[in-house]
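Undergrad: Provided herewith: entry.cif, mmCIF, C-alpha atoms and all ligand atoms.
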```cif
data_final
loop_
_atom_site.label_atom_id
_atom_site.label_comp_id
_atom_site.auth_asym_id
_atom_site.auth_seq_id
_atom_site.Cartn_x
_atom_site.Cartn_y
_atom_site.Cartn_z
CA MET A 1 12.42 18.84 -0.88
CA GLU A 2 10.83 18.57 2.54
CA VAL A 3 13.20 17.44 5.30
CA ILE A 4 11.56 16.11 8.46
CA VAL A 5 13.61 15.22 11.53
CA LEU A 6 11.94 12.86 14.01
CA PRO A 7 13.22 11.26 17.22
CA SER A 8 13.01 7.58 16.36
CA SER A 9 12.74 5.06 13.56
CA LYS A 10 9.29 4.10 14.86
CA GLU A 11 7.97 7.63 14.34
CA ILE A 12 9.67 7.83 10.95
CA GLY A 13 8.02 4.56 9.92
CA ALA A 14 4.64 5.82 11.14
CA LEU A 15 4.85 9.11 9.22
CA ALA A 16 5.89 7.38 5.99
CA ALA A 17 3.10 4.84 6.57
CA ASP A 18 0.65 7.77 6.92
CA ALA A 19 1.60 8.95 3.42
CA ILE A 20 1.14 5.46 2.01
CA GLU A 21 -2.14 4.92 3.86
CA SER A 22 -3.57 8.19 2.62
CA LEU A 23 -2.54 7.30 -0.95
CA VAL A 24 -4.11 3.84 -0.75
CA ARG A 25 -7.32 5.17 0.82
CA THR A 26 -7.76 7.70 -1.99
CA LYS A 27 -6.51 5.46 -4.81
CA ALA A 28 -7.20 1.78 -4.12
CA ASN A 29 -5.12 0.65 -7.11
CA ALA A 30 -2.11 2.74 -6.13
CA VAL A 31 1.29 1.70 -7.45
CA ILE A 32 3.87 1.62 -4.66
CA GLY A 33 7.62 1.55 -5.24
CA LEU A 34 9.20 -0.82 -2.73
CA ALA A 35 12.74 -0.65 -1.38
CA THR A 36 14.93 -3.12 0.46
CA GLY A 37 17.60 -2.53 3.09
CA SER A 38 16.98 -1.98 6.78
CA SER A 39 15.68 1.60 6.47
CA PRO A 40 12.18 0.81 5.14
CA LEU A 41 11.53 -1.95 7.72
CA PRO A 42 9.75 0.33 10.24
CA ILE A 43 7.43 1.43 7.41
CA TYR A 44 6.61 -2.16 6.50
CA ASP A 45 6.10 -3.09 10.17
CA GLU A 46 3.67 -0.22 10.62
CA LEU A 47 1.76 -0.96 7.40
CA ALA A 48 1.48 -4.63 8.40
CA ARG A 49 0.17 -3.57 11.81
CA ARG A 50 -2.41 -1.26 10.23
CA HIS A 51 -3.41 -4.09 7.90
CA ASP A 52 -3.87 -6.52 10.82
CA GLU A 53 -5.43 -4.17 13.35
CA GLU A 54 -7.14 -1.47 11.30
CA GLY A 55 -8.13 -3.26 8.12
CA LEU A 56 -5.90 -1.24 5.82
CA SER A 57 -6.12 -3.16 2.55
CA PHE A 58 -3.60 -3.39 -0.27
CA ALA A 59 -5.73 -5.81 -2.29
CA GLU A 60 -5.92 -3.56 -5.36
CA THR A 61 -2.43 -2.08 -5.13
CA SER A 62 0.62 -3.17 -6.99
CA GLY A 63 4.29 -2.94 -6.04
CA PHE A 64 7.50 -2.50 -7.98
CA ALA A 65 10.89 -3.19 -6.39
CA LEU A 66 13.74 -0.80 -6.99
CA ASP A 67 16.46 -3.27 -7.73
CA GLU A 68 17.75 -6.85 -7.68
CA TYR A 69 21.03 -8.73 -7.51
CA VAL A 70 22.24 -10.42 -10.67
CA GLY A 71 23.16 -14.06 -10.40
CA LEU A 72 21.30 -15.13 -7.27
CA PRO A 73 19.07 -18.11 -8.06
CA VAL A 74 15.31 -17.45 -8.08
CA GLY A 75 14.05 -17.89 -4.51
CA HIS A 76 17.46 -17.13 -2.90
CA TYR A 77 16.85 -15.88 0.64
CA GLU A 78 18.69 -12.59 -0.01
CA SER A 79 17.28 -11.93 -3.47
CA TYR A 80 15.36 -8.69 -3.22
CA ARG A 81 12.24 -10.34 -4.57
CA GLU A 82 12.32 -12.65 -1.52
CA VAL A 83 13.21 -9.86 0.88
CA ILE A 84 10.28 -7.73 -0.32
CA ARG A 85 7.96 -10.72 -0.04
CA ARG A 86 9.18 -11.61 3.46
CA GLU A 87 9.36 -8.10 4.88
CA PHE A 88 6.21 -6.68 3.37
CA THR A 89 4.02 -8.17 0.70
CA HIS A 90 3.23 -11.53 2.29
CA ARG A 91 2.31 -9.72 5.55
CA VAL A 92 -0.47 -7.78 3.83
CA ASP A 93 -3.03 -8.61 1.15
CA VAL A 94 -1.20 -7.46 -1.99
CA LYS A 95 -1.86 -10.03 -4.69
CA ALA A 96 1.34 -11.95 -5.49
CA GLU A 97 0.88 -11.36 -9.21
CA ASN A 98 0.86 -7.61 -8.58
CA VAL A 99 4.33 -7.56 -7.03
CA HIS A 100 7.09 -7.00 -9.53
CA GLY A 101 10.87 -6.81 -9.48
CA PRO A 102 13.56 -6.54 -12.10
CA ASN A 103 14.60 -10.02 -13.21
CA GLY A 104 18.25 -10.43 -12.21
CA ALA A 105 18.17 -14.09 -13.20
CA SER A 106 17.26 -13.41 -16.83
CA GLU A 107 19.44 -14.81 -19.62
CA ASN A 108 18.97 -11.50 -21.39
CA LEU A 109 19.36 -8.74 -18.82
CA GLU A 110 18.98 -5.88 -21.28
CA ASP A 111 15.60 -7.20 -22.40
CA ALA A 112 14.63 -7.80 -18.78
CA CYS A 113 15.46 -4.17 -17.91
CA GLN A 114 13.39 -2.84 -20.81
CA SER A 115 10.49 -5.14 -19.88
CA TYR A 116 10.62 -3.76 -16.36
CA GLU A 117 10.41 -0.18 -17.62
CA ASP A 118 7.48 -1.25 -19.81
CA ALA A 119 5.72 -2.93 -16.88
CA ILE A 120 6.00 0.21 -14.73
CA ALA A 121 4.61 2.31 -17.58
CA ALA A 122 1.79 -0.18 -18.22
CA ALA A 123 0.80 0.06 -14.54
CA GLY A 124 0.44 3.83 -14.96
CA GLY A 125 3.73 4.77 -13.27
CA ILE A 126 4.69 4.68 -9.61
CA ASP A 127 2.59 6.83 -7.27
CA LEU A 128 4.87 6.72 -4.25
CA GLN A 129 8.42 5.42 -4.20
CA ILE A 130 9.98 4.41 -0.88
CA LEU A 131 13.74 4.99 -0.80
CA GLY A 132 16.67 4.44 1.52
CA VAL A 133 20.11 5.88 0.86
CA GLY A 134 23.48 4.13 0.79
CA THR A 135 26.40 5.46 2.82
CA ASN A 136 27.91 6.60 -0.50
CA GLY A 137 24.72 8.43 -1.54
CA HIS A 138 23.30 5.72 -3.79
CA ILE A 139 19.57 5.20 -4.24
CA GLY A 140 18.35 1.88 -5.53
CA PHE A 141 21.68 0.54 -6.72
CA ASN A 142 22.59 3.70 -8.61
CA GLU A 143 26.16 4.05 -7.49
CA PRO A 144 28.14 7.33 -7.65
CA GLY A 145 28.74 8.18 -11.29
CA SER A 146 25.32 6.96 -12.40
CA SER A 147 23.74 9.04 -15.13
CA LEU A 148 21.16 11.37 -13.64
CA ALA A 149 18.89 10.40 -16.58
CA SER A 150 19.47 6.63 -16.34
CA ARG A 151 16.76 4.01 -16.79
CA THR A 152 16.60 0.44 -15.47
CA ARG A 153 19.91 -1.21 -16.33
CA ILE A 154 22.80 -3.35 -15.15
CA LYS A 155 25.25 -1.80 -12.69
CA THR A 156 28.43 -2.93 -10.96
CA LEU A 157 28.32 -2.49 -7.19
CA ALA A 158 30.83 -0.21 -5.50
CA GLU A 159 33.04 -2.11 -3.06
CA GLN A 160 31.63 0.09 -0.26
CA THR A 161 28.15 -1.18 -1.07
CA ARG A 162 29.30 -4.81 -1.17
CA GLN A 163 30.89 -4.31 2.25
CA ASP A 164 27.76 -2.60 3.59
CA ASN A 165 25.57 -5.45 2.33
CA ALA A 166 27.90 -8.28 3.40
CA ARG A 167 26.03 -8.40 6.72
CA PHE A 168 23.12 -10.06 4.93
CA PHE A 169 25.32 -12.85 3.55
CA ASP A 170 27.66 -15.41 5.16
CA SER A 171 30.69 -13.63 3.72
CA ILE A 172 31.50 -10.73 1.41
CA ALA A 173 32.54 -13.22 -1.28
CA GLN A 174 28.87 -14.15 -1.63
CA VAL A 175 27.71 -10.58 -2.34
CA PRO A 176 27.14 -10.32 -6.11
CA HIS A 177 29.15 -7.76 -8.05
CA HIS A 178 26.30 -6.98 -10.44
CA VAL A 179 22.74 -5.77 -10.05
CA VAL A 180 19.83 -4.47 -12.07
CA THR A 181 18.31 -1.28 -10.77
CA GLN A 182 15.72 1.29 -11.70
CA GLY A 183 17.67 4.24 -13.04
CA LEU A 184 17.68 7.71 -11.53
CA GLY A 185 15.43 8.84 -14.38
CA THR A 186 13.06 5.97 -13.60
CA ILE A 187 12.95 6.89 -9.91
CA MET A 188 12.39 10.56 -10.74
CA ASP A 189 9.26 9.61 -12.72
CA ALA A 190 7.52 8.46 -9.51
CA ARG A 191 4.96 11.03 -8.40
CA HIS A 192 6.11 11.17 -4.78
CA LEU A 193 9.49 10.14 -3.36
CA VAL A 194 9.74 9.27 0.34
CA LEU A 195 13.32 8.68 1.50
CA VAL A 196 14.00 7.46 5.04
CA ALA A 197 17.37 7.25 6.81
CA PHE A 198 18.52 6.58 10.37
CA GLY A 199 21.78 6.67 12.26
CA ALA A 200 25.08 8.53 12.26
CA GLY A 201 26.38 6.30 9.48
CA LYS A 202 24.05 8.12 7.08
CA ALA A 203 24.87 11.66 8.24
CA ASP A 204 27.46 12.38 5.53
CA ALA A 205 25.27 11.00 2.76
CA VAL A 206 22.27 13.00 4.02
CA ARG A 207 24.28 16.23 4.22
CA ASP A 208 25.66 15.68 0.73
CA PHE A 209 22.38 14.93 -1.02
CA VAL A 210 20.22 17.46 0.85
CA GLU A 211 22.61 20.40 0.93
CA GLY A 212 25.40 19.59 -1.52
CA PRO A 213 25.42 20.17 -5.26
CA VAL A 214 23.26 18.03 -7.54
CA SER A 215 25.82 15.66 -8.95
CA ALA A 216 26.20 12.14 -10.27
CA ALA A 217 28.87 11.81 -7.58
CA CYS A 218 26.01 11.77 -5.07
CA PRO A 219 23.10 10.07 -6.86
CA ALA A 220 20.49 10.87 -4.17
CA SER A 221 21.09 14.60 -4.80
CA ILE A 222 18.83 14.21 -7.87
CA LEU A 223 15.96 14.44 -5.36
CA GLN A 224 16.57 18.18 -5.28
CA PHE A 225 14.99 18.29 -8.73
CA HIS A 226 11.88 16.35 -7.75
CA PRO A 227 8.73 18.44 -7.19
CA ARG A 228 7.57 16.20 -4.34
CA ALA A 229 10.41 14.63 -2.36
CA THR A 230 9.99 13.95 1.36
CA VAL A 231 13.09 13.08 3.39
CA ILE A 232 12.35 11.67 6.85
CA ILE A 233 15.39 11.13 9.08
CA ASP A 234 16.39 10.77 12.70
CA GLU A 235 18.55 13.19 14.73
CA ALA A 236 21.74 11.22 14.09
CA ALA A 237 21.25 11.16 10.32
CA ALA A 238 20.42 14.91 10.44
CA SER A 239 23.43 15.78 12.61
CA LYS A 240 25.52 17.26 9.76
CA LEU A 241 22.77 19.35 8.17
CA GLU A 242 23.42 23.08 8.35
CA GLY A 243 19.75 23.84 7.82
CA ALA A 244 18.36 21.45 10.44
CA ALA A 245 16.79 24.25 12.51
CA ALA A 246 15.05 25.68 9.42
CA TYR A 247 13.70 22.26 8.41
CA ARG A 248 12.35 21.71 11.94
CA ASN A 249 10.76 25.15 11.94
CA ALA A 250 9.05 24.52 8.60
CA PHE A 251 7.68 21.17 9.74
CA ASN A 252 6.53 22.48 13.13
CA ASN A 253 4.63 25.28 11.43
CA LYS A 254 3.25 23.27 8.55
CA PRO A 255 -0.35 24.16 7.68
CA GLU A 256 -2.66 21.36 8.78
CA TRP A 257 -4.26 21.04 5.35
CA GLN A 258 -0.92 20.39 3.70
CA SER A 259 -0.13 16.70 3.31
CA LEU A 260 3.33 15.19 2.99
C1 LIG B 1 20.95 -1.20 -0.48
C2 LIG B 1 19.74 -0.99 -1.41
C3 LIG B 1 19.20 0.40 -1.29
C4 LIG B 1 19.20 0.80 0.18
C5 LIG B 1 20.59 0.94 0.67
C6 LIG B 1 20.68 1.28 2.16
O1 LIG B 1 22.10 -1.56 -1.12
N1 LIG B 1 19.96 -1.29 -2.78
O2 LIG B 1 17.89 0.45 -1.86
O3 LIG B 1 18.56 2.05 0.32
O4 LIG B 1 21.39 -0.14 0.33
O5 LIG B 1 20.42 0.17 2.95
P1 LIG B 1 20.08 0.28 4.49
O6 LIG B 1 18.72 0.86 4.58
O7 LIG B 1 20.12 -1.13 5.01
O8 LIG B 1 21.12 1.14 5.10
#
```
Would you put the structure from the file into structure tokens?

TA:
Amino acid sequence: MEVIVLPSSKEIGALAADAIESLVRTKANAVIGLATGSSPLPIYDELARRHDEEGLSFAETSGFALDEYVGLPVGHYESYREVIRREFTHRVDVKAENVHGPNGASENLEDACQSYEDAIAAAGGIDLQILGVGTNGHIGFNEPGSSLASRTRIKTLAEQTRQDNARFFDSIAQVPHHVVTQGLGTIMDARHLVLVAFGAGKADAVRDFVEGPVSAACPASILQFHPRATVIIDEAAASKLEGAAAYRNAFNNKPEWQSL
């Protein structure tokens, strides 16, 4: 796991965007794993800027969302399919038919989850998965206790997560209890994981998943087993890391030829 501490969300977004740009420039039909939440927004802003100003094209790429609420009507403003469209895909030239998300409105959620796994496999797997982390250490909607080998499935949200996400809804009562999410095993199949986190509110979760034991109690800790996981965080999110000085030293002395 590479841990990179940068001063601001803008720089974090730019560095993550560099990794995505270099992927897309070497593999035009790259498969990008898309995340919601506030953490990836600086990445999407920077990619949209590069698209507008520098001609970075996503025309041949495809995108797969991490997760989706169950029970929100199709087209609901806070459904993750809409959020991904609004925050990223409609700002660049990804073809709409190449943007996928688990179907939380399906009558048969188990079939929908399997179809989603099949669609990811049919696309050749995810090249680069963008991730945020929940204050309780979740990734996607894999709450504490999730099987480390899990695949796309239905989960019940932790109350902490419903409270954290209530800011996107009129009231907490409107936050669904159920979701469908790529499993931890699904996420681990992506060839490169790029997790971004900002702010003191994430400091405990970052300490636990970077330096704590690998445990279902902290789902993001599974990243310790990934051969190519990049964690890009600000000073506040890094404030509880014992190894912060070592991570900074490694990044400052990184060989120029070595990519993220
Ligand atoms: C949400 C999403 C996650 C996201 C996390 C953190 O519930 N399902 O994919 O990483 O919570 O969100 P934020 O980046 O807004 O803190």

Undergrad: Taking 2 positions as the minimum chain separation for residues in the same chain, which residues sit within 9 Å of range 188-194 of chain A when counting only C-alpha atoms? Answer as a PyMOL selection string.

TA: chain A and resi 16+19+33+125-132+149+183-186+196+222-223+225-232

Undergrad: Can you work out the spacing between CA of Glu60 in chain A and CA of Ala28 in chain A in Å, to one decimal?

TA: 5.6 Å

Undergrad: Skip Gly71 in chain A itself and residues of its chain fewer than 4 positions away, then list as a ChimeraX atom specification all residues within 10 Å of it, counting only C-alpha atoms.

TA: /A:76,79,103-107,175-179

Undergrad: What are the closest atom pairs, with distances in Å to one decimal, for each residue of chain A lying within 6 Å of ligand LIG 1 (chain B), using all atoms listed in the file, rows by chain and rising residue number, as JSON lines?

TA:
```
{"residue": "A:Ala35", "atom": "CA", "partner": "B:LIG1", "partner_atom": "O2", "distance": 5.3}
{"residue": "A:Thr36", "atom": "CA", "partner": "B:LIG1", "partner_atom": "O2", "distance": 5.2}
{"residue": "A:Gly37", "atom": "CA", "partner": "B:LIG1", "partner_atom": "O7", "distance": 3.5}
{"residue": "A:Ser38", "atom": "CA", "partner": "B:LIG1", "partner_atom": "O7", "distance": 3.7}
{"residue": "A:Ser39", "atom": "CA", "partner": "B:LIG1", "partner_atom": "O6", "distance": 3.7}
{"residue": "A:Leu131", "atom": "CA", "partner": "B:LIG1", "partner_atom": "O3", "distance": 5.8}
{"residue": "A:Gly132", "atom": "CA", "partner": "B:LIG1", "partner_atom": "O3", "distance": 3.3}
{"residue": "A:Val133", "atom": "CA", "partner": "B:LIG1", "partner_atom": "O3", "distance": 4.2}
{"residue": "A:Gly134", "atom": "CA", "partner": "B:LIG1", "partner_atom": "C6", "distance": 4.2}
{"residue": "A:Ile139", "atom": "CA", "partner": "B:LIG1", "partner_atom": "O2", "distance": 5.6}
{"residue": "A:Gly140", "atom": "CA", "partner": "B:LIG1", "partner_atom": "O2", "distance": 4.0}
{"residue": "A:Phe141", "atom": "CA", "partner": "B:LIG1", "partner_atom": "N1", "distance": 4.7}
```

Undergrad: Interatomic distance between CA of Asp234 in chain A and CA of Gly199 in chain A?

TA: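 Separation of CA of Asp234 in chain A and CA of Gly199 in chain A: 6.8 Å.
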
Undergrad: Between A:Ile233, A:Leu260, A:Ile154, A:Ile20, which residue has the minimum interatomic distance to Leu34 in chain A, considering all atoms listed in the file?

TA: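 Distance minimum relative to Leu34 in chain A lands on A:Ile20.
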
Undergrad: For Leu6 in chain A, find every residue with an atom within 10 Å (counting all atoms listed in the file), except residues of its own chain fewer than 6 positions away, and show them as an MDAnalysis selection string.

TA: chainID A and resid 12 15 198 232:236 238 248

Undergrad: Just the number, please: distance in Å from CA of Thr26 in chain A to CA of Ser259 in chain A, one decimal.

TA: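 Those two atoms sit 12.9 Å apart.
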
Undergrad: Select from range 45-107 of chain A every residue with an atom at most 12 Å from any atom of range 160-172 of chain A, then for each give the shortest pair of atoms and their distance in Å to one decimal, using all atoms listed in the file, rows by chain and rising number, as a Markdown table.

TA:
```
| residue | atom | partner | partner_atom | distance |
| --- | --- | --- | --- | --- |
| A:Tyr69 | CA | A:Arg162 | CA | 11.1 |
| A:Leu72 | CA | A:Phe169 | CA | 11.8 |
| A:His76 | CA | A:Phe169 | CA | 11.0 |
| A:Tyr77 | CA | A:Phe169 | CA | 9.5 |
| A:Glu78 | CA | A:Phe168 | CA | 7.1 |
| A:Ser79 | CA | A:Phe168 | CA | 10.4 |
| A:Tyr80 | CA | A:Phe168 | CA | 11.3 |
| A:Val83 | CA | A:Phe168 | CA | 10.7 |
```

Undergrad: Out of A:Ala122, A:Leu41, A:Glu46, A:Glu53, which residue has the shortest atom-to-atom distance to Ala17 in chain A when counting all atoms listed in the file?

TA: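 So, comparing all the options, the nearest one is A:Glu46.
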
Undergrad: Assuming 3 Å of padding per side, give the centre and edge lengths of the axis-aligned box around every listed atom of range 62-73 of chain A, in Å to one decimal and as JSON.

TA:
```
{"center_x": 11.9, "center_y": -9.5, "center_z": -8.4, "size_x": 28.5, "size_y": 23.3, "size_z": 10.6}
```

Undergrad: Out of A:Arg25, A:Arg153, A:Arg207, A:Lys10, which residue has the shortest atom-to-atom distance to Leu109 in chain A when counting all atoms listed in the file?

TA: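 Looking only at the distances to Leu109 in chain A, the closest residue turns out to be A:Arg153.
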
Undergrad: Counting only C-alpha atoms, which of A:Gln258, A:Ser221, A:Asn252, A:Asn142 gets nearest to Thr156 in chain A?

TA: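 Closest to Thr156 in chain A of all the choices is A:Asn142.
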
Undergrad: Pick from A:Gly63, A:Gly243, A:Gly124, A:Pro73: nearest to Glu97 in chain A, with only C-alpha atoms counted?

TA: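 Smallest distance to Glu97 in chain A is found for A:Gly63.
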
Undergrad: List as a ChimeraX atom specification the protein and nucleic acid residues near Val99 in chain A, meaning an atom at most 10 Å away when all atoms listed in the file are counted, but skip any in the same chain fewer than 6 places from it.

TA: /A:31-34,61-65,81,84-85,89

Undergrad: Quick one: everything within 9 Å of Ser115 in chain A, counting all atoms listed in the file, minus sequence neighbours fewer than 5 positions away in the same chain. Send it as an MDAnalysis selection string.

TA: chainID A and resid 102 110 120

Undergrad: Could you give me range 137-149 of chain A completed to N, CA, C and O atoms, formatted as a tab-separated table (two decimals), in the frame of the given file?

TA:
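Printed below is result_27.tsv as written:
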```
chain	number	residue	atom	x	y	z
A	137	GLY	N	25.69	7.58	-0.85
A	137	GLY	CA	24.72	8.43	-1.54
A	137	GLY	C	23.95	7.73	-2.63
A	137	GLY	O	23.19	8.36	-3.37
A	138	HIS	N	24.07	6.39	-2.72
A	138	HIS	CA	23.30	5.72	-3.79
A	138	HIS	C	21.82	5.60	-3.41
A	138	HIS	O	21.46	5.57	-2.24
A	139	ILE	N	20.98	5.58	-4.42
A	139	ILE	CA	19.57	5.20	-4.24
A	139	ILE	C	19.29	4.07	-5.22
A	139	ILE	O	19.83	4.06	-6.33
A	140	GLY	N	18.42	3.14	-4.79
A	140	GLY	CA	18.35	1.88	-5.53
A	140	GLY	C	19.76	1.32	-5.49
A	140	GLY	O	20.42	1.31	-4.44
A	141	PHE	N	20.26	0.90	-6.63
A	141	PHE	CA	21.68	0.54	-6.72
A	141	PHE	C	22.37	1.46	-7.70
A	141	PHE	O	23.28	1.07	-8.43
A	142	ASN	N	21.94	2.71	-7.76
A	142	ASN	CA	22.59	3.70	-8.61
A	142	ASN	C	23.80	4.25	-7.87
A	142	ASN	O	23.68	5.15	-7.03
A	143	GLU	N	24.93	3.69	-8.18
A	143	GLU	CA	26.16	4.05	-7.49
A	143	GLU	C	26.66	5.41	-7.98
A	143	GLU	O	26.24	5.88	-9.04
A	144	PRO	N	27.57	6.05	-7.20
A	144	PRO	CA	28.14	7.33	-7.65
A	144	PRO	C	28.67	7.21	-9.08
A	144	PRO	O	29.31	6.21	-9.43
A	145	GLY	N	28.37	8.21	-9.87
A	145	GLY	CA	28.74	8.18	-11.29
A	145	GLY	C	27.59	7.80	-12.19
A	145	GLY	O	27.70	7.92	-13.41
A	146	SER	N	26.48	7.33	-11.60
A	146	SER	CA	25.32	6.96	-12.40
A	146	SER	C	24.78	8.18	-13.14
A	146	SER	O	24.69	9.27	-12.57
A	147	SER	N	24.37	7.95	-14.39
A	147	SER	CA	23.74	9.04	-15.13
A	147	SER	C	22.49	9.51	-14.40
A	147	SER	O	21.67	8.71	-13.96
A	148	LEU	N	22.34	10.81	-14.31
A	148	LEU	CA	21.16	11.37	-13.64
A	148	LEU	C	19.89	11.10	-14.45
A	148	LEU	O	18.79	11.29	-13.96
A	149	ALA	N	20.05	10.69	-15.72
A	149	ALA	CA	18.89	10.40	-16.58
A	149	ALA	C	18.71	8.90	-16.79
A	149	ALA	O	17.92	8.48	-17.63
```
